[in-house]
Structure formats: structure tokens, C-alpha cells
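J.: To be precise about what I am sending: the file is called entry25.pdb and holds PDB, C-alpha atoms (C1' of nucleotides).
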MODEL        1
ATOM      1  CA  MET A   1     -15.423  22.229  35.958
ATOM      2  CA  GLU A   2     -14.596  21.510  32.379
ATOM      3  CA  GLY A   3     -16.767  18.926  30.656
ATOM      4  CA  GLN A   4     -13.850  17.890  28.442
ATOM      5  CA  GLU A   5     -14.332  14.289  27.407
ATOM      6  CA  LYS A   6     -11.134  12.629  26.340
ATOM      7  CA  LYS A   7     -12.987   9.897  24.471
ATOM      8  CA  VAL A   8     -10.005   7.620  24.145
ATOM      9  CA  ILE A   9     -10.497   4.240  22.563
ATOM     10  CA  GLN A  10      -8.780   1.072  23.629
ATOM     11  CA  PHE A  11      -7.250  -2.105  22.309
ATOM     12  CA  LYS A  12      -5.250  -4.677  24.239
ATOM     13  CA  GLY A  13      -4.896  -2.402  27.213
ATOM     14  CA  LYS A  14      -3.478   0.518  25.249
ATOM     15  CA  GLU A  15      -5.314   3.770  24.772
ATOM     16  CA  TYR A  16      -5.510   5.769  21.581
ATOM     17  CA  PRO A  17      -6.875   9.240  20.952
ATOM     18  CA  CYS A  18      -8.556   8.308  17.679
ATOM     19  CA  CYS A  19      -9.702   5.247  15.742
ATOM     20  CA  ALA A  20      -7.122   5.999  13.060
ATOM     21  CA  SER A  21      -4.288   6.066  15.555
ATOM     22  CA  LEU A  22      -5.353   2.696  16.940
ATOM     23  CA  THR A  23      -4.844   1.077  13.565
ATOM     24  CA  MET A  24      -1.562   2.875  13.078
ATOM     25  CA  GLY A  25      -0.408   1.734  16.489
ATOM     26  CA  ILE A  26      -0.853  -1.834  15.301
ATOM     27  CA  ILE A  27       0.410  -1.712  11.728
ATOM     28  CA  GLY A  28       2.649   1.357  12.082
ATOM     29  CA  GLY A  29       6.393   1.402  12.131
ATOM     30  CA  LYS A  30       8.830   0.802   9.365
ATOM     31  CA  TRP A  31       8.349  -2.924   8.860
ATOM     32  CA  LYS A  32       4.998  -4.241  10.042
ATOM     33  CA  THR A  33       3.046  -3.520   6.897
ATOM     34  CA  VAL A  34       5.842  -4.963   4.805
ATOM     35  CA  ILE A  35       5.674  -8.189   6.792
ATOM     36  CA  LEU A  36       1.907  -8.338   6.519
ATOM     37  CA  TYR A  37       2.158  -7.569   2.818
ATOM     38  CA  HIS A  38       4.379 -10.575   2.225
ATOM     39  CA  LEU A  39       2.302 -12.843   4.438
ATOM     40  CA  MET A  40      -0.872 -12.012   2.521
ATOM     41  CA  SER A  41       0.089 -14.519  -0.136
ATOM     42  CA  GLY A  42       0.538 -17.342   2.353
ATOM     43  CA  LYS A  43       2.764 -18.658   5.096
ATOM     44  CA  LEU A  44       6.477 -17.977   5.107
ATOM     45  CA  ARG A  45       9.451 -19.191   7.090
ATOM     46  CA  TYR A  46      11.613 -16.787   8.998
ATOM     47  CA  ASN A  47      14.399 -16.895   6.447
ATOM     48  CA  GLU A  48      12.018 -16.626   3.538
ATOM     49  CA  LEU A  49      10.675 -13.456   5.071
ATOM     50  CA  ARG A  50      14.194 -12.155   5.483
ATOM     51  CA  LYS A  51      14.913 -12.723   1.828
ATOM     52  CA  THR A  52      11.880 -10.738   0.771
ATOM     53  CA  MET A  53      13.099  -7.900   2.987
ATOM     54  CA  PRO A  54      16.823  -7.714   2.334
ATOM     55  CA  THR A  55      17.454  -4.587   4.371
ATOM     56  CA  VAL A  56      15.813  -5.580   7.646
ATOM     57  CA  THR A  57      18.007  -6.804  10.473
ATOM     58  CA  GLU A  58      17.310 -10.085  12.221
ATOM     59  CA  ARG A  59      16.658  -8.407  15.519
ATOM     60  CA  THR A  60      14.148  -6.005  14.067
ATOM     61  CA  LEU A  61      12.384  -8.723  12.134
ATOM     62  CA  SER A  62      12.141 -10.792  15.309
ATOM     63  CA  LEU A  63      10.782  -7.915  17.340
ATOM     64  CA  GLN A  64       8.227  -6.909  14.769
ATOM     65  CA  LEU A  65       7.016 -10.472  14.323
ATOM     66  CA  LYS A  66       6.659 -10.810  18.053
ATOM     67  CA  ALA A  67       4.668  -7.608  18.238
ATOM     68  CA  LEU A  68       2.391  -8.788  15.440
ATOM     69  CA  GLU A  69       1.943 -12.076  17.240
ATOM     70  CA  GLU A  70       1.054 -10.331  20.483
ATOM     71  CA  ASP A  71      -1.555  -8.253  18.715
ATOM     72  CA  GLY A  72      -3.044 -11.437  17.283
ATOM     73  CA  LEU A  73      -2.296 -10.700  13.629
ATOM     74  CA  VAL A  74       0.102 -13.551  12.915
ATOM     75  CA  ILE A  75       0.672 -17.042  14.233
ATOM     76  CA  ARG A  76       4.116 -18.483  14.798
ATOM     77  CA  LYS A  77       4.367 -22.239  14.361
ATOM     78  CA  VAL A  78       7.467 -24.219  15.293
ATOM     79  CA  TYR A  79       7.827 -27.544  13.490
ATOM     80  CA  ASN A  80      11.120 -28.906  14.819
ATOM     81  CA  LYS A  81      12.205 -28.816  18.402
ATOM     82  CA  LYS A  82      15.747 -29.755  17.439
ATOM     83  CA  PRO A  83      17.931 -27.721  15.129
ATOM     84  CA  PRO A  84      17.574 -26.951  12.359
ATOM     85  CA  LEU A  85      14.413 -25.239  13.473
ATOM     86  CA  LYS A  86      11.552 -24.624  11.160
ATOM     87  CA  VAL A  87       9.364 -21.706  12.030
ATOM     88  CA  GLU A  88       6.460 -20.592   9.913
ATOM     89  CA  TYR A  89       4.476 -17.418  10.137
ATOM     90  CA  THR A  90       0.868 -17.145   8.997
ATOM     91  CA  LEU A  91      -1.806 -14.490   9.125
ATOM     92  CA  THR A  92      -4.558 -15.165  11.635
ATOM     93  CA  ASP A  93      -8.183 -14.641  10.651
ATOM     94  CA  PHE A  94      -7.979 -11.392  12.515
ATOM     95  CA  GLY A  95      -4.838 -10.474  10.619
ATOM     96  CA  LYS A  96      -6.616 -11.227   7.374
ATOM     97  CA  THR A  97      -9.163  -8.513   8.092
ATOM     98  CA  LEU A  98      -6.321  -6.083   7.407
ATOM     99  CA  ILE A  99      -5.676  -7.382   3.903
ATOM    100  CA  PRO A 100      -7.787  -4.765   2.114
ATOM    101  CA  ILE A 101      -5.946  -2.010   3.936
ATOM    102  CA  ILE A 102      -2.518  -3.482   3.254
ATOM    103  CA  GLU A 103      -3.428  -3.848  -0.395
ATOM    104  CA  SER A 104      -4.536  -0.230  -0.668
ATOM    105  CA  ILE A 105      -1.364   0.887   1.050
ATOM    106  CA  ALA A 106       0.835  -1.144  -1.272
ATOM    107  CA  GLU A 107      -1.088  -0.014  -4.331
ATOM    108  CA  TRP A 108      -0.843   3.639  -3.402
ATOM    109  CA  GLY A 109       2.882   3.358  -2.798
ATOM    110  CA  ASP A 110       3.261   1.620  -6.110
ATOM    111  CA  LYS A 111       1.433   4.315  -8.087
ATOM    112  CA  VAL A 112       3.249   7.119  -6.365
ATOM    113  CA  SER A 113       6.708   5.714  -6.853
ATOM    114  CA  GLU A 114       7.029   6.559 -10.490
TER     115      GLU A 114
ATOM    116  CA  MET B   1      29.155 -12.350  -7.901
ATOM    117  CA  GLU B   2      25.697 -12.171  -6.468
ATOM    118  CA  GLY B   3      23.000 -10.947  -8.792
ATOM    119  CA  GLN B   4      21.029  -9.584  -5.870
ATOM    120  CA  GLU B   5      18.812  -6.767  -7.092
ATOM    121  CA  LYS B   6      17.840  -4.395  -4.349
ATOM    122  CA  LYS B   7      14.828  -3.132  -6.271
ATOM    123  CA  VAL B   8      14.267  -0.167  -4.018
ATOM    124  CA  ILE B   9      11.587   2.301  -4.930
ATOM    125  CA  GLN B  10      11.795   6.018  -4.470
ATOM    126  CA  PHE B  11       9.767   9.051  -3.557
ATOM    127  CA  LYS B  12      11.012  12.580  -2.940
ATOM    128  CA  GLY B  13      14.588  11.414  -2.851
ATOM    129  CA  LYS B  14      14.043   8.761  -0.194
ATOM    130  CA  GLU B  15      14.369   5.090  -0.887
ATOM    131  CA  TYR B  16      12.079   2.355   0.338
ATOM    132  CA  PRO B  17      12.433  -1.405   0.153
ATOM    133  CA  CYS B  18       8.786  -2.024  -0.723
ATOM    134  CA  CYS B  19       5.765  -0.173  -2.050
ATOM    135  CA  ALA B  20       4.010  -0.667   1.289
ATOM    136  CA  SER B  21       6.852   0.907   3.220
ATOM    137  CA  LEU B  22       6.794   3.943   0.965
ATOM    138  CA  THR B  23       3.219   4.680   1.964
ATOM    139  CA  MET B  24       3.978   4.055   5.597
ATOM    140  CA  GLY B  25       6.947   6.375   5.413
ATOM    141  CA  ILE B  26       4.561   9.110   4.382
ATOM    142  CA  ILE B  27       1.533   8.514   6.573
ATOM    143  CA  GLY B  28       3.269   6.604   9.361
ATOM    144  CA  GLY B  29       4.035   7.863  12.817
ATOM    145  CA  LYS B  30       1.759   8.522  15.691
ATOM    146  CA  TRP B  31      -0.115  11.548  14.396
ATOM    147  CA  LYS B  32      -0.082  11.917  10.619
ATOM    148  CA  THR B  33      -3.095   9.755   9.886
ATOM    149  CA  VAL B  34      -5.009  11.468  12.662
ATOM    150  CA  ILE B  35      -4.304  14.840  11.091
ATOM    151  CA  LEU B  36      -5.274  13.603   7.637
ATOM    152  CA  TYR B  37      -8.384  12.000   9.097
ATOM    153  CA  HIS B  38      -9.567  15.303  10.499
ATOM    154  CA  LEU B  39      -8.670  17.221   7.347
ATOM    155  CA  MET B  40     -10.714  14.864   5.184
ATOM    156  CA  SER B  41     -13.878  16.727   6.160
ATOM    157  CA  GLY B  42     -12.449  20.073   5.092
ATOM    158  CA  LYS B  43      -9.998  22.775   6.003
ATOM    159  CA  LEU B  44      -9.078  23.472   9.604
ATOM    160  CA  ARG B  45      -7.145  26.121  11.427
ATOM    161  CA  TYR B  46      -4.193  25.228  13.579
ATOM    162  CA  ASN B  47      -6.095  25.614  16.824
ATOM    163  CA  GLU B  48      -9.094  23.746  15.503
ATOM    164  CA  LEU B  49      -6.819  20.836  14.709
ATOM    165  CA  ARG B  50      -5.385  20.981  18.208
ATOM    166  CA  LYS B  51      -8.826  20.767  19.711
ATOM    167  CA  THR B  52      -9.646  17.657  17.725
ATOM    168  CA  MET B  53      -6.428  16.097  19.040
ATOM    169  CA  PRO B  54      -6.343  17.040  22.700
ATOM    170  CA  THR B  55      -3.270  14.992  23.555
ATOM    171  CA  VAL B  56      -0.866  16.216  20.902
ATOM    172  CA  THR B  57       1.668  18.867  21.820
ATOM    173  CA  GLU B  58       2.062  22.073  19.862
ATOM    174  CA  ARG B  59       5.556  21.212  18.808
ATOM    175  CA  THR B  60       4.628  17.781  17.506
ATOM    176  CA  LEU B  61       1.593  19.079  15.661
ATOM    177  CA  SER B  62       3.774  21.698  14.001
ATOM    178  CA  LEU B  63       6.399  19.208  12.956
ATOM    179  CA  GLN B  64       3.913  16.728  11.562
ATOM    180  CA  LEU B  65       2.070  19.403   9.602
ATOM    181  CA  LYS B  66       5.340  20.610   8.166
ATOM    182  CA  ALA B  67       6.265  17.078   7.134
ATOM    183  CA  LEU B  68       2.878  16.579   5.483
ATOM    184  CA  GLU B  69       3.309  19.870   3.678
ATOM    185  CA  GLU B  70       6.752  18.867   2.434
ATOM    186  CA  ASP B  71       5.369  15.624   1.074
ATOM    187  CA  GLY B  72       2.687  17.565  -0.745
ATOM    188  CA  LEU B  73      -0.282  16.176   1.150
ATOM    189  CA  VAL B  74      -1.505  19.372   2.766
ATOM    190  CA  ILE B  75      -1.399  23.067   1.955
ATOM    191  CA  ARG B  76      -0.789  25.753   4.516
ATOM    192  CA  LYS B  77      -2.480  29.062   3.829
ATOM    193  CA  VAL B  78      -1.726  32.194   5.838
ATOM    194  CA  TYR B  79      -4.456  34.847   5.814
ATOM    195  CA  ASN B  80      -3.021  37.555   8.078
ATOM    196  CA  LYS B  81       0.521  38.734   8.139
ATOM    197  CA  LYS B  82      -0.040  40.552  11.440
ATOM    198  CA  PRO B  83      -1.125  38.842  14.654
ATOM    199  CA  PRO B  84      -3.573  37.418  15.305
ATOM    200  CA  LEU B  85      -2.543  35.063  12.534
ATOM    201  CA  LYS B  86      -4.980  32.913  10.672
ATOM    202  CA  VAL B  87      -3.576  29.769   9.166
ATOM    203  CA  GLU B  88      -5.622  27.129   7.462
ATOM    204  CA  TYR B  89      -4.627  23.624   6.504
ATOM    205  CA  THR B  90      -6.212  21.804   3.592
ATOM    206  CA  LEU B  91      -5.645  18.531   1.798
ATOM    207  CA  THR B  92      -4.056  18.875  -1.624
ATOM    208  CA  ASP B  93      -5.437  16.881  -4.542
ATOM    209  CA  PHE B  94      -2.565  14.522  -3.987
ATOM    210  CA  GLY B  95      -3.432  14.263  -0.312
ATOM    211  CA  LYS B  96      -7.013  13.477  -1.253
ATOM    212  CA  THR B  97      -5.872  10.362  -3.072
ATOM    213  CA  LEU B  98      -5.165   8.972   0.396
ATOM    214  CA  ILE B  99      -8.732   9.427   1.618
ATOM    215  CA  PRO B 100      -9.870   5.860   0.863
ATOM    216  CA  ILE B 101      -6.914   4.498   2.803
ATOM    217  CA  ILE B 102      -7.433   6.824   5.744
ATOM    218  CA  GLU B 103     -11.090   5.878   5.815
ATOM    219  CA  SER B 104     -10.312   2.163   5.854
ATOM    220  CA  ILE B 105      -7.782   2.691   8.592
ATOM    221  CA  ALA B 106     -10.205   4.650  10.714
ATOM    222  CA  GLU B 107     -13.000   2.164  10.102
ATOM    223  CA  TRP B 108     -10.849  -0.812  11.038
ATOM    224  CA  GLY B 109      -9.723   0.876  14.237
ATOM    225  CA  ASP B 110     -13.288   1.688  15.053
ATOM    226  CA  LYS B 111     -14.514  -1.885  14.648
ATOM    227  CA  VAL B 112     -11.621  -3.348  16.571
ATOM    228  CA  SER B 113     -11.914  -1.024  19.525
ATOM    229  CA  GLU B 114     -14.917  -2.637  21.127
TER     230      GLU B 114
ATOM    231  C1'  DC C   1      19.189 -22.892  10.919
ATOM    232  C1'  DC C   2      16.603 -19.893  13.725
ATOM    233  C1'  DG C   3      16.488 -16.266  16.580
ATOM    234  C1'  DC C   4      17.647 -14.120  21.195
ATOM    235  C1'  DA C   5      20.828 -10.803  23.960
ATOM    236  C1'  DT C   6      23.555  -6.794  24.617
ATOM    237  C1'  DC C   7      25.028  -2.378  23.442
ATOM    238  C1'  DC C   8      24.426   1.832  21.189
ATOM    239  C1'  DC C   9      22.754   5.517  18.169
ATOM    240  C1'  DA C  10      19.082   8.117  15.526
ATOM    241  C1'  DT C  11      14.654   9.585  15.382
ATOM    242  C1'  DT C  12      10.237  10.752  17.365
ATOM    243  C1'  DA C  13       7.483  12.785  20.624
ATOM    244  C1'  DG C  14       6.332  15.221  25.113
ATOM    245  C1'  DA C  15       6.622  19.434  28.673
ATOM    246  C1'  DT C  16       7.196  23.921  29.199
ATOM    247  C1'  DA C  17       8.339  28.605  28.288
ATOM    248  C1'  DC C  18       8.527  32.204  25.060
ATOM    249  C1'  DT C  19       7.762  35.226  20.517
ATOM    250  C1'  DG C  20       6.059  37.886  16.026
TER     251       DG C  20
ATOM    252  C1'  DC D   1      -3.102  32.986  17.015
ATOM    253  C1'  DA D   2       0.254  30.169  15.504
ATOM    254  C1'  DG D   3       3.848  28.796  16.204
ATOM    255  C1'  DT D   4       9.622  28.325  18.022
ATOM    256  C1'  DA D   5      13.241  27.073  21.434
ATOM    257  C1'  DT D   6      15.126  24.142  24.597
ATOM    258  C1'  DC D   7      15.400  20.195  27.119
ATOM    259  C1'  DT D   8      14.211  15.470  28.088
ATOM    260  C1'  DA D   9      11.995  10.815  27.604
ATOM    261  C1'  DA D  10      10.564   7.035  24.901
ATOM    262  C1'  DT D  11      10.892   4.323  20.987
ATOM    263  C1'  DG D  12      12.862   2.310  16.752
ATOM    264  C1'  DG D  13      16.277   0.229  14.686
ATOM    265  C1'  DG D  14      21.334  -1.231  13.483
ATOM    266  C1'  DA D  15      25.799  -4.083  14.669
ATOM    267  C1'  DT D  16      27.500  -7.798  16.576
ATOM    268  C1'  DG D  17      27.876 -11.973  19.139
ATOM    269  C1'  DC D  18      25.904 -16.109  21.496
ATOM    270  C1'  DG D  19      23.031 -20.420  21.980
ATOM    271  C1'  DG D  20      19.733 -24.380  21.198
TER     272       DG D  20
ENDMDL
END
Could you render the structure as C-alpha cells?

T.:
Amino acid sequence: MEGQEKKVIQFKGKEYPCCASLTMGIIGGKWKTVILYHLMSGKLRYNELRKTMPTVTERTLSLQLKALEEDGLVIRKVYNKKPPLKVEYTLTDFGKTLIPIIESIAEWGDKVSE
Amino acid sequence: MEGQEKKVIQFKGKEYPCCASLTMGIIGGKWKTVILYHLMSGKLRYNELRKTMPTVTERTLSLQLKALEEDGLVIRKVYNKKPPLKVEYTLTDFGKTLIPIIESIAEWGDKVSE
DNA sequence: CCGCATCCCATTAGATACTG
DNA sequence: CAGTATCTAATGGGATGCGG
């Protein structure tokens, strides 16, 4: 009886109630934007990333990187099969489309912090 | 022995490890950007907001609005002291400084959703 | 050296009923 | 009308230890 349209939008099988919440679903959380922010300048190894984010735990960093990889924002490249491993993370072209947003977010946080 | 500088940045008494995470701490979460997105166009009453976000619960909407108010992004104005109440939510000038970011976020989500 | 696994806790968000 | 109260579920994230 009710003509209520939900008008959800979708991405990778997940549904969101609004275009803004889609983006936040992908870059939201405590660490994802920080990772993307550091990868903007170029590729980084796992441990290099850790050093730029001294307070993140290994597990969390792993999980967040995996999530970013699954959403197609970063690529994970393994260079050695034998230890010591060398793993590099890079933004994909798709991930790079977020750069303007990440920059605005970082800039705003920077201005506000004083 | 280690000259490790933490270099945290602060806002409203909370500490963040990066300028990007500060912003995300304020507009992050499942609903805050959606609320801000709808308030960009002008003030809205509580129930009007609910209608624009059919899947949010009353409790969550309340909590998120309160958090946004505490961070100084929105103002809550009460027009009647006796029921039926009339409460309007508006962006503060400070909240308006986020508009470009919210717009980019919404736009990106919109493009990606197809 | 890189990063996964297990366990656990804190925080966030939903369902529902009720109130000034 | 605009919330609060209570309870519960889902998620995020930390600590620690193991393995290639």
C-alpha cells in the first residue's frame, strides 16, 4: 500500500542508504584514510606503513589493508616467496580517484587541530 | 633512548595520530556524513531527518546528532517547551566548513555506485 | 621479516517500548 | 513531536603468540 521507495545504492554487493554512506563504508573506520593518506605519495612496504602509523597494531593494519585490497583501492605485491618477505602496497587507479577527498580530509584536520 | 616523537594532534581533548584521522573521528561512523549531507541544504526537524534516512533508528539518530552538536558542527534549536515539540537542526559556521568534503564524498559515492 | 590466528574487550548500532 | 530506556547484535580494535 505504501509507495515507499528505499532507493538504496550498491557497491560490491553491499547496500547503502545514501551515496555519502557508500563512500564512508569504503574509507570509514579509524585507519583506512590514514593508510590511503600515506600511500598517496607512493608505494610503501608493510613495515614502512607501520612506522608512519606508530599506534596501529599489526592485526588491525593487516585487516584494513585487506579490506582496502578487496574494495580495489590498493594492490598488494609480494616480491620474495622466501623469508624475508617483501610486500609492497600501492594505490590502484581506482584508489587514486580518492586522492582529492583524502587531501581535503587531511587538510581540514590539519587546520582544525590548532 | 629512542627519540621517537609521537606527534599526535588534538581536537576537543581527544588525540589523533594523523590529521586525516582527526577528521574521520569527527565525521566518521555510519551516519554522521549522511546527516551532514542532508543538513547542507538547510535546517531540518528531527522527523524530517528521519524521513530522509529511512533505515536509521531513533536512538542512533539521537546519539549521532548529539555527538555532532558536541563537536560544534550542528546547532539544536528548540521552539516549543510544551509538546508537541519542535526541534530544528542546522549546520554551524564551523560545520559548513565541511561542506566541500561532504560534497566530494557524496559525489564519489554516486559515481561509484553504478 | 612479514603477517596470520586466537582470544577478548570497547564501542557502535539496531529493535522495541515508553515518556514529557 | 522528539526523544529516552533497556536490551541485544555486530563491528572495531588491542594483546599476544605462532609460522613461513

J.: Please identify all polymer residues within 12 Å of stretch 3-18 of chain D, counting all atoms listed in the file, omitting same-chain residues fewer than 5 positions from it, and present them as JSON, numbers by chain.

T.: {"A": [28, 29, 30, 31, 55, 56, 57, 58, 59, 60, 61, 62, 63, 64], "B": [29, 30, 46, 47, 57, 58, 59, 60, 61, 62, 63, 65, 66, 83, 84, 85, 86, 87], "C": [3, 4, 5, 6, 7, 8, 9, 10, 11, 12, 13, 14, 15, 16, 17, 18, 19, 20]}

J.: Could the residues in this selection be saved with C-alpha atoms (C1' of nucleotides) as a CSV table (one decimal), keeping the file's coordinate frame?

T.:
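Output below, filename selection-v9.csv:
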chain,number,residue,atom,x,y,z
A,28,GLY,CA,2.6,1.4,12.1
A,29,GLY,CA,6.4,1.4,12.1
A,30,LYS,CA,8.8,0.8,9.4
A,31,TRP,CA,8.3,-2.9,8.9
A,55,THR,CA,17.5,-4.6,4.4
A,56,VAL,CA,15.8,-5.6,7.6
A,57,THR,CA,18.0,-6.8,10.5
A,58,GLU,CA,17.3,-10.1,12.2
A,59,ARG,CA,16.7,-8.4,15.5
A,60,THR,CA,14.1,-6.0,14.1
A,61,LEU,CA,12.4,-8.7,12.1
A,62,SER,CA,12.1,-10.8,15.3
A,63,LEU,CA,10.8,-7.9,17.3
A,64,GLN,CA,8.2,-6.9,14.8
B,29,GLY,CA,4.0,7.9,12.8
B,30,LYS,CA,1.8,8.5,15.7
B,46,TYR,CA,-4.2,25.2,13.6
B,47,ASN,CA,-6.1,25.6,16.8
B,57,THR,CA,1.7,18.9,21.8
B,58,GLU,CA,2.1,22.1,19.9
B,59,ARG,CA,5.6,21.2,18.8
B,60,THR,CA,4.6,17.8,17.5
B,61,LEU,CA,1.6,19.1,15.7
B,62,SER,CA,3.8,21.7,14.0
B,63,LEU,CA,6.4,19.2,13.0
B,65,LEU,CA,2.1,19.4,9.6
B,66,LYS,CA,5.3,20.6,8.2
B,83,PRO,CA,-1.1,38.8,14.7
B,84,PRO,CA,-3.6,37.4,15.3
B,85,LEU,CA,-2.5,35.1,12.5
B,86,LYS,CA,-5.0,32.9,10.7
B,87,VAL,CA,-3.6,29.8,9.2
C,3,DG,C1',16.5,-16.3,16.6
C,4,DC,C1',17.6,-14.1,21.2
C,5,DA,C1',20.8,-10.8,24.0
C,6,DT,C1',23.6,-6.8,24.6
C,7,DC,C1',25.0,-2.4,23.4
C,8,DC,C1',24.4,1.8,21.2
C,9,DC,C1',22.8,5.5,18.2
C,10,DA,C1',19.1,8.1,15.5
C,11,DT,C1',14.7,9.6,15.4
C,12,DT,C1',10.2,10.8,17.4
C,13,DA,C1',7.5,12.8,20.6
C,14,DG,C1',6.3,15.2,25.1
C,15,DA,C1',6.6,19.4,28.7
C,16,DT,C1',7.2,23.9,29.2
C,17,DA,C1',8.3,28.6,28.3
C,18,DC,C1',8.5,32.2,25.1
C,19,DT,C1',7.8,35.2,20.5
C,20,DG,C1',6.1,37.9,16.0

J.: So how many Å separate atom CA of B:Arg45 and atom CA of A:Lys7, to one decimal?

T.: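 Taking atom CA of B:Arg45 and atom CA of A:Lys7, their separation equals 21.6 Å.
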
J.: Go ahead and compute the interatomic distance for atom CA of B:Ile9 and atom CA of A:Asp110, in Å to one decimal.

T.: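 Those two atoms sit 8.4 Å apart.
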
J.: Could you tell me which of A:Leu44, A:Ile105, A:Gly72, A:Leu49 comes closest to A:Asp93 if we count all atoms listed in the file?

T.: A:Gly72

J.: How many Å lie between atom C1' of D:DA2 and atom CA of B:Lys77, rounded to one decimal?

T.: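 Interatomic distance here is 12.0 Å.
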
J.: List the residues matched by the PyMOL selection byres ((chain B) within 6 of (chain A)) in the displayed structure as a ChimeraX atom specification, ordered by chain and then by residue number.

T.: /B:10-11,19-20,22-23,28,34,105-106,109-110,113

J.: When distances are computed from only C-alpha atoms (C1' of nucleotides), which of A:Lys51, A:Gly13, A:Ser41, A:Asn80 shows the smallest separation from chain C?

T.: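 Comparing A:Lys51, A:Gly13, A:Ser41, A:Asn80 against chain C, the winner is A:Asn80.
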
J.: Which is closer to chain D than all the others in A:Lys82, A:Glu48, A:Ile99, A:Arg76, using all atoms listed in the file?

T.: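 Smallest separation from chain D among the options: A:Lys82.
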
J.: With all atoms listed in the file as the atoms that count, which of A:Gly42, A:Lys14, A:Asp71, A:Lys81 lies nearest to chain D?

T.: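 Using all atoms listed in the file, the shortest distance to chain D belongs to A:Lys81.
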
J.: Take every atom of stretch 54-58 of chain B listed in the file, pad by 4 Å on each side, and give me the axis-aligned box centre and edge lengths in Å, one decimal, as lines of an AutoDock Vina configuration file.

T.:
center_x = -2.1
center_y = 18.5
center_z = 21.7
size_x = 16.4
size_y = 15.1
size_z = 11.7
